[in-house]
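This is run-v3.cif (mmCIF, C-alpha atoms and all ligand atoms).
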data_coords
#
loop_
_atom_site.label_atom_id
_atom_site.label_comp_id
_atom_site.auth_asym_id
_atom_site.auth_seq_id
_atom_site.Cartn_x
_atom_site.Cartn_y
_atom_site.Cartn_z
CA MET W 246 23.51 -7.45 -17.52
CA THR W 247 21.54 -9.23 -20.26
CA ARG W 248 17.81 -9.01 -19.83
CA LYS W 249 15.99 -12.31 -20.05
CA THR W 250 12.58 -10.96 -19.12
CA ASN W 251 10.73 -7.71 -18.58
CA ASP W 252 10.13 -8.56 -14.94
CA ALA W 253 12.56 -6.38 -13.03
CA ILE W 254 12.19 -8.57 -9.94
CA GLU W 255 10.76 -12.00 -9.41
CA VAL W 256 10.44 -13.34 -5.89
CA ARG W 257 9.91 -17.09 -6.19
CA ASN W 258 8.64 -19.14 -3.24
CA ALA W 259 10.80 -17.09 -0.91
CA VAL W 260 10.93 -18.17 2.72
CA LYS W 261 12.81 -16.32 5.47
CA ARG W 262 13.41 -17.91 8.84
CA TYR W 263 15.11 -16.37 11.83
CA GLY W 264 15.86 -19.47 13.95
CA THR W 265 12.49 -21.12 14.50
CA PHE W 266 10.50 -17.98 13.57
CA THR W 267 9.24 -17.76 9.99
CA ALA W 268 9.13 -14.10 8.92
CA LEU W 269 8.17 -14.85 5.27
CA LYS W 270 6.19 -17.90 4.19
CA GLN W 271 6.56 -18.88 0.53
CA VAL W 272 6.18 -15.43 -0.98
CA SER W 273 5.93 -15.29 -4.78
CA LEU W 274 5.46 -12.10 -6.79
CA THR W 275 6.79 -10.41 -9.89
CA ILE W 276 7.45 -6.70 -10.33
CA SER W 277 7.56 -5.31 -13.87
CA ASP W 278 10.25 -3.05 -15.24
CA ASN W 279 9.33 0.62 -14.75
CA GLU W 280 6.63 -0.19 -12.20
CA PHE W 281 5.84 1.67 -8.97
CA PHE W 282 5.22 -1.30 -6.71
CA THR W 283 4.33 -1.10 -3.02
CA LEU W 284 4.59 -3.59 -0.18
CA LEU W 285 1.85 -2.60 2.26
CA GLY W 286 1.07 -4.11 5.62
CA PRO W 287 1.03 -3.62 9.39
CA SER W 288 4.15 -3.58 11.53
CA GLY W 289 5.90 -6.96 11.64
CA CYS W 290 4.27 -8.43 8.51
CA GLY W 291 7.63 -8.91 6.78
CA LYS W 292 7.81 -5.95 4.35
CA THR W 293 11.26 -4.78 5.40
CA THR W 294 12.56 -8.35 5.48
CA LEU W 295 11.48 -8.84 1.86
CA LEU W 296 13.02 -5.51 0.84
CA ARG W 297 16.28 -6.39 2.58
CA MET W 298 16.38 -9.73 0.80
CA ILE W 299 15.98 -7.97 -2.56
CA ALA W 300 18.76 -5.54 -1.60
CA GLY W 301 21.00 -8.41 -0.52
CA PHE W 302 21.26 -7.41 3.17
CA GLU W 303 19.50 -10.64 4.19
CA ASP W 304 19.91 -14.06 2.67
CA VAL W 305 16.96 -16.11 1.45
CA THR W 306 16.29 -19.24 3.53
CA GLU W 307 14.44 -21.02 0.70
CA GLY W 308 13.36 -20.03 -2.81
CA GLY W 309 14.99 -17.37 -4.94
CA ILE W 310 15.08 -13.75 -6.09
CA PHE W 311 15.64 -12.96 -9.77
CA LEU W 312 16.60 -9.65 -11.39
CA PHE W 313 15.57 -9.54 -15.06
CA GLY W 314 15.51 -13.35 -15.05
CA GLU W 315 18.88 -13.91 -13.34
CA GLU W 316 19.10 -15.28 -9.83
CA ILE W 317 20.91 -12.78 -7.59
CA GLU W 318 21.30 -14.80 -4.41
CA GLY W 319 24.99 -14.75 -3.55
CA LEU W 320 25.57 -11.36 -5.19
CA PRO W 321 26.59 -8.89 -2.44
CA PRO W 322 24.49 -5.70 -2.10
CA HIS W 323 27.04 -3.38 -3.75
CA LYS W 324 27.23 -5.64 -6.82
CA ARG W 325 23.44 -5.47 -7.37
CA PRO W 326 22.10 -2.65 -9.59
CA ILE W 327 19.72 -1.89 -6.74
CA ASN W 328 19.81 1.04 -4.31
CA THR W 329 17.91 1.75 -1.11
CA VAL W 330 16.52 4.96 0.39
CA PHE W 331 16.19 4.58 4.14
CA GLN W 332 13.75 6.24 6.49
CA ASN W 333 16.50 7.97 8.49
CA TYR W 334 18.19 9.44 5.34
CA ALA W 335 21.69 8.29 6.49
CA LEU W 336 23.46 11.38 5.06
CA PHE W 337 27.08 12.25 5.89
CA PRO W 338 26.79 15.30 8.21
CA HIS W 339 30.24 16.76 7.46
CA MET W 340 29.80 16.72 3.65
CA THR W 341 27.95 19.21 1.48
CA VAL W 342 24.80 18.18 -0.34
CA LEU W 343 26.74 17.91 -3.62
CA ASP W 344 29.42 15.71 -2.04
CA ASN W 345 26.84 13.54 -0.31
CA VAL W 346 25.37 12.74 -3.72
CA GLY W 347 28.69 12.49 -5.57
CA PHE W 348 30.59 10.43 -2.99
CA GLY W 349 28.94 7.10 -3.85
CA LEU W 350 29.69 7.66 -7.55
CA GLU W 351 33.39 8.16 -6.80
CA MET W 352 33.33 4.94 -4.78
CA LEU W 353 31.98 3.26 -7.89
CA GLY W 354 35.04 4.43 -9.83
CA LYS W 355 33.81 7.65 -11.43
CA SER W 356 36.25 10.58 -11.63
CA LYS W 357 35.61 13.56 -9.35
CA SER W 358 34.42 15.72 -12.25
CA GLU W 359 32.10 13.02 -13.62
CA ALA W 360 30.67 12.43 -10.12
CA ARG W 361 30.06 16.16 -9.62
CA LYS W 362 28.37 16.50 -12.99
CA ARG W 363 25.99 13.61 -12.35
CA ALA W 364 25.36 14.80 -8.75
CA GLY W 365 24.39 18.19 -10.18
CA GLU W 366 21.97 16.56 -12.59
CA VAL W 367 20.12 14.52 -9.98
CA LEU W 368 20.00 17.44 -7.56
CA GLU W 369 18.32 19.40 -10.32
CA MET W 370 15.86 16.53 -10.79
CA VAL W 371 14.84 16.71 -7.12
CA GLN W 372 14.83 20.53 -7.23
CA LEU W 373 17.70 21.05 -4.80
CA SER W 374 20.34 22.66 -7.03
CA GLN W 375 20.37 25.86 -5.02
CA PHE W 376 21.25 23.91 -1.84
CA SER W 377 24.29 22.09 -3.28
CA ALA W 378 26.80 23.83 -1.01
CA ARG W 379 24.86 23.37 2.22
CA LYS W 380 25.44 20.74 4.88
CA PRO W 381 22.54 18.37 5.74
CA SER W 382 21.97 20.09 9.10
CA GLN W 383 21.13 23.31 7.20
CA LEU W 384 18.22 21.60 5.42
CA SER W 385 14.66 20.75 6.44
CA GLY W 386 13.62 17.12 6.88
CA GLY W 387 11.92 17.06 3.49
CA GLN W 388 15.00 18.51 1.79
CA GLN W 389 17.25 15.97 3.50
CA GLN W 390 14.97 13.21 2.28
CA ARG W 391 15.33 14.53 -1.27
CA VAL W 392 19.13 14.52 -0.95
CA ALA W 393 18.93 10.87 0.12
CA LEU W 394 16.74 10.21 -2.89
CA ALA W 395 19.15 12.02 -5.25
CA ARG W 396 22.05 10.03 -3.83
CA ALA W 397 20.23 6.73 -4.41
CA LEU W 398 19.24 7.70 -7.96
CA ALA W 399 22.68 9.01 -8.97
CA PRO W 400 24.25 5.71 -10.09
CA ARG W 401 21.18 4.94 -12.23
CA PRO W 402 20.12 1.77 -10.41
CA LYS W 403 17.73 -0.59 -12.21
CA VAL W 404 15.64 -0.89 -9.05
CA LEU W 405 15.19 1.60 -6.21
CA LEU W 406 14.00 0.32 -2.84
CA LEU W 407 12.30 2.83 -0.55
CA ASP W 408 11.73 1.78 3.07
CA GLU W 409 9.08 4.07 4.61
CA PRO W 410 11.00 7.11 3.33
CA LEU W 411 8.25 9.62 4.10
CA SER W 412 7.27 8.55 7.59
CA ALA W 413 9.29 11.25 9.37
CA LEU W 414 7.67 14.09 7.42
CA ASP W 415 4.60 16.07 8.45
CA LEU W 416 1.34 15.26 6.70
CA LYS W 417 1.34 18.13 4.22
CA LEU W 418 4.93 17.61 3.10
CA ARG W 419 4.36 13.89 3.01
CA LYS W 420 1.46 14.29 0.59
CA ALA W 421 3.50 16.62 -1.64
CA MET W 422 6.41 14.15 -1.64
CA GLN W 423 4.08 11.28 -2.57
CA ILE W 424 3.17 13.04 -5.79
CA GLU W 425 6.78 14.08 -6.39
CA LEU W 426 8.03 10.51 -5.97
CA LYS W 427 5.40 9.19 -8.33
CA HIS W 428 6.48 11.72 -10.99
CA LEU W 429 10.16 10.98 -10.39
CA GLN W 430 9.56 7.28 -10.90
CA LYS W 431 7.87 7.86 -14.25
CA GLU W 432 10.51 10.41 -15.29
CA THR W 433 13.48 8.13 -14.55
CA GLY W 434 11.84 4.85 -15.66
CA ILE W 435 13.49 3.12 -12.68
CA THR W 436 11.48 0.37 -10.98
CA PHE W 437 10.48 1.58 -7.49
CA ILE W 438 9.66 -0.83 -4.67
CA PHE W 439 8.14 1.16 -1.85
CA VAL W 440 7.40 -0.06 1.68
CA THR W 441 4.70 1.51 3.82
CA HIS W 442 2.11 0.67 6.46
CA ASP W 443 -0.04 3.62 5.30
CA GLN W 444 -2.80 2.36 3.03
CA GLU W 445 -3.71 5.78 1.67
CA GLU W 446 -0.09 6.41 0.69
CA ALA W 447 0.07 3.02 -1.06
CA LEU W 448 -3.14 3.61 -3.01
CA THR W 449 -2.08 7.15 -4.03
CA MET W 450 1.31 6.29 -5.43
CA SER W 451 1.44 2.76 -6.73
CA ASP W 452 0.82 1.02 -10.03
CA ARG W 453 0.28 -2.14 -7.98
CA VAL W 454 0.22 -3.00 -4.31
CA ALA W 455 0.96 -6.26 -2.48
CA VAL W 456 -0.97 -6.31 0.79
CA MET W 457 0.92 -8.39 3.34
CA SER W 458 0.17 -9.79 6.76
CA ALA W 459 1.93 -12.38 8.92
CA GLY W 460 4.63 -13.10 6.33
CA GLU W 461 2.24 -13.70 3.44
CA VAL W 462 0.89 -11.73 0.48
CA GLN W 463 -2.85 -11.51 1.06
CA GLN W 464 -3.71 -9.78 -2.21
CA LEU W 465 -1.87 -8.23 -5.13
CA GLY W 466 -3.45 -5.79 -7.54
CA ASP W 467 -3.89 -2.16 -8.53
CA ALA W 468 -5.35 0.34 -6.09
CA ARG W 469 -8.90 0.15 -7.39
CA GLU W 470 -8.96 -3.63 -7.41
CA ILE W 471 -7.67 -3.88 -3.85
CA TYR W 472 -10.10 -1.27 -2.58
CA GLU W 473 -13.18 -2.38 -4.48
CA ARG W 474 -12.64 -6.11 -4.62
CA PRO W 475 -10.84 -7.09 -1.41
CA ARG W 476 -10.28 -10.84 -1.37
CA ASN W 477 -10.49 -11.53 2.34
CA MET W 478 -11.33 -10.08 5.75
CA PHE W 479 -7.80 -8.86 6.35
CA VAL W 480 -7.63 -6.80 3.14
CA ALA W 481 -11.19 -5.43 3.47
CA ASP W 482 -10.50 -4.31 7.03
CA PHE W 483 -6.96 -2.98 6.48
CA ILE W 484 -7.74 -0.92 3.37
CA GLY W 485 -10.18 1.88 4.09
CA GLU W 486 -13.15 1.73 6.40
CA THR W 487 -15.72 -1.03 6.07
CA ASN W 488 -18.69 -2.79 7.65
CA LEU W 489 -18.05 -6.51 8.08
CA LEU W 490 -21.26 -8.54 8.34
CA GLU W 491 -21.69 -12.27 8.77
CA VAL W 492 -24.06 -13.54 6.07
CA THR W 493 -25.41 -16.84 4.73
CA VAL W 494 -25.47 -17.32 0.96
CA ASP W 495 -28.93 -18.62 -0.03
CA GLN W 496 -28.61 -18.87 -3.78
CA ILE W 497 -26.26 -18.08 -6.64
CA ASP W 498 -27.87 -17.09 -9.90
CA ALA W 499 -26.47 -15.41 -13.01
CA GLY W 500 -23.33 -14.24 -11.22
CA ARG W 501 -25.25 -12.77 -8.28
CA ALA W 502 -25.31 -14.12 -4.73
CA ALA W 503 -28.52 -13.72 -2.71
CA CYS W 504 -27.65 -13.62 1.00
CA HIS W 505 -29.33 -13.02 4.32
CA LEU W 506 -28.15 -11.86 7.69
CA GLY W 507 -29.73 -11.83 11.16
CA GLY W 508 -33.07 -10.09 11.57
CA GLY W 509 -34.34 -11.34 8.20
CA HIS W 510 -32.37 -8.71 6.24
CA ARG W 511 -31.63 -9.68 2.65
CA LEU W 512 -28.77 -8.48 0.44
CA THR W 513 -27.66 -9.42 -3.06
CA CYS W 514 -24.18 -8.84 -4.43
CA ASP W 515 -21.79 -10.16 -7.07
CA ALA W 516 -20.91 -13.83 -6.63
CA VAL W 517 -17.28 -14.67 -5.89
CA ASP W 518 -15.39 -17.78 -7.01
CA GLY W 519 -15.14 -20.30 -4.22
CA ILE W 520 -18.27 -19.17 -2.35
CA GLY W 521 -21.35 -21.30 -3.06
CA ALA W 522 -24.92 -21.58 -1.76
CA GLY W 523 -25.07 -22.48 1.94
CA ALA W 524 -21.72 -20.81 2.76
CA ARG W 525 -21.53 -18.72 5.90
CA VAL W 526 -19.06 -15.94 5.16
CA HIS W 527 -18.34 -12.28 5.77
CA MET W 528 -19.51 -9.47 3.57
CA SER W 529 -17.74 -6.12 3.32
CA LEU W 530 -19.90 -3.02 2.80
CA ARG W 531 -18.05 0.24 2.14
CA PRO W 532 -19.68 3.04 4.20
CA GLU W 533 -19.29 5.67 1.47
CA ARG W 534 -21.20 3.54 -1.02
CA LEU W 535 -24.30 3.35 1.18
CA PHE W 536 -26.93 6.04 1.52
CA LEU W 537 -29.81 6.71 3.87
CA SER W 538 -33.42 7.48 3.05
CA SER W 539 -36.65 7.85 5.03
CA GLU W 540 -38.48 5.38 2.76
CA PRO W 541 -37.05 2.17 1.25
CA THR W 542 -35.71 2.84 -2.24
CA GLU W 543 -35.42 -0.82 -3.22
CA SER W 544 -36.61 -4.21 -2.00
CA GLU W 545 -33.38 -4.84 -0.12
CA SER W 546 -33.13 -1.57 1.79
CA LEU W 547 -32.10 -2.36 5.36
CA LYS W 548 -34.19 -0.92 8.19
CA ALA W 549 -32.09 0.76 10.88
CA ARG W 550 -32.10 3.43 13.58
CA VAL W 551 -29.62 6.32 13.71
CA ARG W 552 -27.46 6.24 16.84
CA GLU W 553 -24.98 9.05 16.23
CA ASN W 554 -23.64 11.41 13.56
CA ILE W 555 -19.92 12.18 13.63
CA PHE W 556 -18.59 15.24 11.80
CA ILE W 557 -15.21 14.49 10.19
CA GLY W 558 -14.57 17.55 8.02
CA THR W 559 -15.12 16.44 4.45
CA ASP W 560 -17.58 13.73 5.50
CA ILE W 561 -20.26 12.89 8.02
CA SER W 562 -20.12 9.37 9.44
CA THR W 563 -23.41 7.98 10.76
CA ILE W 564 -23.49 5.05 13.19
CA LEU W 565 -26.68 3.02 12.97
CA ASP W 566 -28.17 -0.03 14.66
CA LEU W 567 -29.65 -2.45 12.20
CA ASP W 568 -33.03 -3.93 13.22
CA ASP W 569 -32.03 -7.17 15.04
CA GLY W 570 -28.62 -6.81 13.47
CA PRO W 571 -25.15 -5.41 14.13
CA GLU W 572 -23.91 -1.82 14.30
CA PHE W 573 -23.39 -0.23 10.94
CA ARG W 574 -21.63 2.82 9.50
CA VAL W 575 -22.62 5.01 6.59
CA ARG W 576 -20.44 7.85 5.34
CA ALA W 577 -21.78 10.79 3.39
CA SER W 578 -19.94 13.66 1.82
CA ASN W 579 -20.38 16.84 3.84
CA SER W 580 -21.70 18.74 0.88
CA SER W 581 -25.13 19.84 -0.22
CA ARG W 582 -24.63 17.66 -3.30
CA GLY W 583 -24.15 14.48 -1.22
CA THR W 584 -26.58 11.65 -2.06
CA SER W 585 -27.12 10.64 1.57
CA ARG W 586 -29.25 12.77 3.86
CA VAL W 587 -28.27 13.23 7.48
CA PHE W 588 -30.93 12.18 10.02
CA GLU W 589 -31.20 13.01 13.72
CA PRO W 590 -30.24 10.32 16.27
CA GLY W 591 -33.21 8.07 17.07
CA THR W 592 -34.73 8.38 13.57
CA GLU W 593 -35.78 5.21 11.78
CA VAL W 594 -34.18 5.10 8.33
CA PHE W 595 -33.37 2.79 5.47
CA VAL W 596 -29.84 1.92 4.34
CA ASN W 597 -29.51 1.54 0.58
CA MET W 598 -26.56 0.31 -1.45
CA GLU W 599 -24.93 1.49 -4.62
CA ARG W 600 -24.11 -1.38 -6.94
CA GLY W 601 -20.71 -2.84 -5.99
CA ALA W 602 -20.89 -1.58 -2.39
CA ALA W 603 -21.02 -5.13 -1.04
CA ARG W 604 -18.36 -7.76 -1.52
CA LEU W 605 -18.27 -11.36 -0.30
CA LEU W 606 -14.98 -12.33 1.34
CA VAL W 607 -13.26 -15.66 0.90
CA ASP W 608 -12.00 -15.97 4.51
P1 LIG W 701 7.76 -2.55 10.41
O1 LIG W 701 6.75 -1.81 9.61
O2 LIG W 701 7.50 -2.47 11.89
O3 LIG W 701 9.18 -2.25 10.03
P2 LIG W 701 7.86 -4.99 8.83
O4 LIG W 701 6.62 -5.43 8.18
O5 LIG W 701 8.85 -4.31 7.99
O6 LIG W 701 7.50 -4.13 10.10
P3 LIG W 701 9.94 -6.87 9.37
O7 LIG W 701 10.95 -5.90 9.88
O8 LIG W 701 10.13 -7.41 8.02
O9 LIG W 701 8.48 -6.29 9.50
O10 LIG W 701 9.87 -8.09 10.40
C1 LIG W 701 9.06 -9.23 10.18
C2 LIG W 701 9.16 -10.14 11.38
O11 LIG W 701 10.47 -10.71 11.44
C3 LIG W 701 8.93 -9.45 12.70
O12 LIG W 701 8.15 -10.28 13.53
C4 LIG W 701 10.33 -9.27 13.25
O13 LIG W 701 10.31 -9.31 14.67
C5 LIG W 701 11.05 -10.47 12.69
N1 LIG W 701 12.48 -10.18 12.48
C6 LIG W 701 13.01 -9.24 11.69
N2 LIG W 701 14.36 -9.24 11.72
C7 LIG W 701 14.70 -10.24 12.57
C8 LIG W 701 15.95 -10.77 13.07
N3 LIG W 701 17.12 -10.27 12.64
N4 LIG W 701 15.89 -11.78 13.96
C9 LIG W 701 14.71 -12.30 14.37
N5 LIG W 701 13.50 -11.85 13.96
C10 LIG W 701 13.49 -10.84 13.08
#

Go ahead and render the structure in this file as structure tokens.
Amino acid sequence: MTRKTNDAIEVRNAVKRYGTFTALKQVSLTISDNEFFTLLGPSGCGKTTLLRMIAGFEDVTEGGIFLFGEEIEGLPPHKRPINTVFQNYALFPHMTVLDNVGFGLEMLGKSKSEARKRAGEVLEMVQLSQFSARKPSQLSGGQQQRVALARALAPRPKVLLLDEPLSALDLKLRKAMQIELKHLQKETGITFIFVTHDQEEALTMSDRVAVMSAGEVQQLGDAREIYERPRNMFVADFIGETNLLEVTVDQIDAGRAACHLGGGHRLTCDAVDGIGAGARVHMSLRPERLFLSSEPTESESLKARVRENIFIGTDISTILDLDDGPEFRVRASNSSRGTSRVFEPGTEVFVNMERGAARLLVD
């Protein structure tokens, strides 16, 4: 295949309809060669549908999908240099690990000895060489998942699609596999498109993430950008924990927006394109970027009363009632070096912000 661009995949104005139901509404995005790209969103948002369209298992109702600049609609799945790793592994139970990995290569026309050689190489890559002669039932879930991964990598696809491949694993193994997958992607240079509904997983592994809901991409960016500069209510709420406050923008000056909320509380944060003076919008305040003090530390410290402290291992989450305002959460590291002090329920305190803690949301 001749490469016309460095974008491994371009999805252009793609629409998917099932009868009268629209599962994807005009989705456009490009995924670079050698990128670890993640589609993240809640159940039913259309992630799997988009992945299946890229794989060729679903047709595109409108718009197009391009692989290195060439439209691939009409090309059947097995003719696309794209492979998929499924959640349920889909291994052949009666074949050994080596044959499971080599079988697909033989189907592609490789000789038995070539297929075995390549299968051996990829099993080494996923650290399973010593299990080559076993059957899948003699392996743990994590090991089976790695066989599925080796099998999908064996024919050297240009793009590897991974549909929630870690969701059946326990938390510890899942975290180890996240790191392993990230390394494997860099080592092979293959473009990975990963689907998950787990925001922490997406932020840990990906070069970039597309956050989806209701058949649309809500925001696309790297992990830091999505976490620190969520564009709208959906993204702010879906990624991490946040306080969502309704505010009125009073004035915009030198890139800063002065706002107020109920109870006469005032807050200033970075201005955002599309939000002008007089707008009534939501503001996201990340709990871990707020800290409590007994005296106000700045003019905009918010007066509040502690309702409850919740111990969550590494952190302590404090629920507060803002004076004439909504409930509020502040999260402090459970360490003596934490910047936020913990106060007893009933205590009057001040909530202070680190710069960048607050973000105005477009809708
Ligand atoms: P999950 O994380 O639960 O797998 P998802 O984000 O991958 O969710 P999709 O499987 O892409 O969601 O489904 C998107 C929407 O399209 C859902 O509302 C689903 O019910 C609908 N849908 C998917 N496949 C079909 C189909 N074959 N016929 C009709 N509707 C479908």

List all protein, DNA and RNA residues that have an atom no more than 12 Å from any atom of ligand LIG 701 (chain W), counting all atoms listed in the file, and report them as number ranges by chain.
W: 260-270, 284-298, 302-304, 331-332, 407-410, 412, 439-443, 456-462

Polymer residues at most 8 Å from Tyr334 in chain W, only C-alpha atoms, same-chain spacing of 6 or more positions, as a PDB file with C-alpha atoms, in the coordinates of the input:
ATOM      1  CA  GLN W 389      17.250  15.970   3.500  1.00  0.00           C
ATOM      2  CA  GLN W 390      14.970  13.210   2.280  1.00  0.00           C
ATOM      3  CA  ALA W 393      18.930  10.870   0.120  1.00  0.00           C
ATOM      4  CA  PRO W 410      11.000   7.110   3.330  1.00  0.00           C
TER       5      PRO W 410
END

Practice task
Between W:Glu473, W:Glu446, W:Glu318, W:Glu599, single out the one closest to Leu512 in chain W, counting all atoms listed in the file.
Solution key: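 Distance minimum relative to Leu512 in chain W lands on W:Glu599.
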
Applying 10 Å and only C-alpha atoms, which residues near Glu543 in chain W remain after dropping the ones on its own chain fewer than 3 positions away? List them as a list in words.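 Counting only C-alpha atoms, the residues come to Glu540, Ser546, Leu547, Phe595, Val596, Asn597 and Met598 of chain W.
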
Residue among W:Val594, W:Ile276, W:Ala516, W:Met352 lying closest to Asp568 in chain W, counting only C-alpha atoms
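Checking each candidate against Asp568 in chain W, we get W:Val594 as the closest.
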
Counting only C-alpha atoms, write as a compact mmCIF listing (two decimals) with C-alpha atoms, in the coordinates of the input all protein and nucleic acid residues lying at most 10 Å from (15.6, 14.4, 6.2) in the file's frame.
# COMPACT_ATOMS: atom_id res chain seq x y z
CA GLN W 332 13.75 6.24 6.49
CA ASN W 333 16.50 7.97 8.49
CA TYR W 334 18.19 9.44 5.34
CA ALA W 335 21.69 8.29 6.49
CA LEU W 336 23.46 11.38 5.06
CA PRO W 381 22.54 18.37 5.74
CA SER W 382 21.97 20.09 9.10
CA LEU W 384 18.22 21.60 5.42
CA SER W 385 14.66 20.75 6.44
CA GLY W 386 13.62 17.12 6.88
CA GLY W 387 11.92 17.06 3.49
CA GLN W 388 15.00 18.51 1.79
CA GLN W 389 17.25 15.97 3.50
CA GLN W 390 14.97 13.21 2.28
CA ARG W 391 15.33 14.53 -1.27
CA VAL W 392 19.13 14.52 -0.95
CA ALA W 393 18.93 10.87 0.12
CA PRO W 410 11.00 7.11 3.33
CA LEU W 411 8.25 9.62 4.10
CA ALA W 413 9.29 11.25 9.37
CA LEU W 414 7.67 14.09 7.42

Asp518 in chain W environment, 10 Å, all atoms listed in the file, sequence neighbours closer than 5 positions dropped, as a VMD selection string: chain W and resid 500 605 to 607

Same residues, C-alpha atoms, output as a PDB file, in the coordinates of the input:
ATOM      1  CA  GLY W 500     -23.330 -14.240 -11.220  1.00  0.00           C
ATOM      2  CA  LEU W 605     -18.270 -11.360  -0.300  1.00  0.00           C
ATOM      3  CA  LEU W 606     -14.980 -12.330   1.340  1.00  0.00           C
ATOM      4  CA  VAL W 607     -13.260 -15.660   0.900  1.00  0.00           C
TER       5      VAL W 607
END

Exercise. Which residues come within 8 Å of range 354-362 of chain W, counting only C-alpha atoms, excluding same-chain residues fewer than 5 positions away, as a PyMOL selection string?
Worked result: chain W and resi 343-344+347-348

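Distance annotation: of W:Ala481, W:Met422, W:Ala447, W:Val551, the residue with the minimal separation from Leu565 in chain W is W:Val551; atom set is only C-alpha atoms.
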
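In terms of minimum interatomic distance to Ala395 in chain W, W:Thr329 ranks closest within W:Thr329, W:Ala421, W:Glu445, W:Pro321, counting all atoms listed in the file.
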
Practice item. Measure the distance from CA of Ser451 in chain W to CA of Leu465 in chain W in Å and round it to one decimal. Key: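 CA of Leu465 in chain W lies 11.6 Å from CA of Ser451 in chain W.
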
In Å and to one decimal, CA of Ala259 in chain W is distant from CA of Val454 in chain W by 17.9 Å

Given the choices W:Ala253, W:Leu350, W:Ile557, W:Ile497, which gets closest to Pro400 in chain W if the distance is worked out from all atoms listed in the file?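 Checking each of W:Ala253, W:Leu350, W:Ile557, W:Ile497 against Pro400 in chain W, counting all atoms listed in the file, the winner is W:Leu350.
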
- Task: Can you work out the spacing between CA of Gly301 in chain W and CA of Pro322 in chain W in Å, to one decimal?
- Result: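 Between these atoms lies a distance of 4.7 Å.
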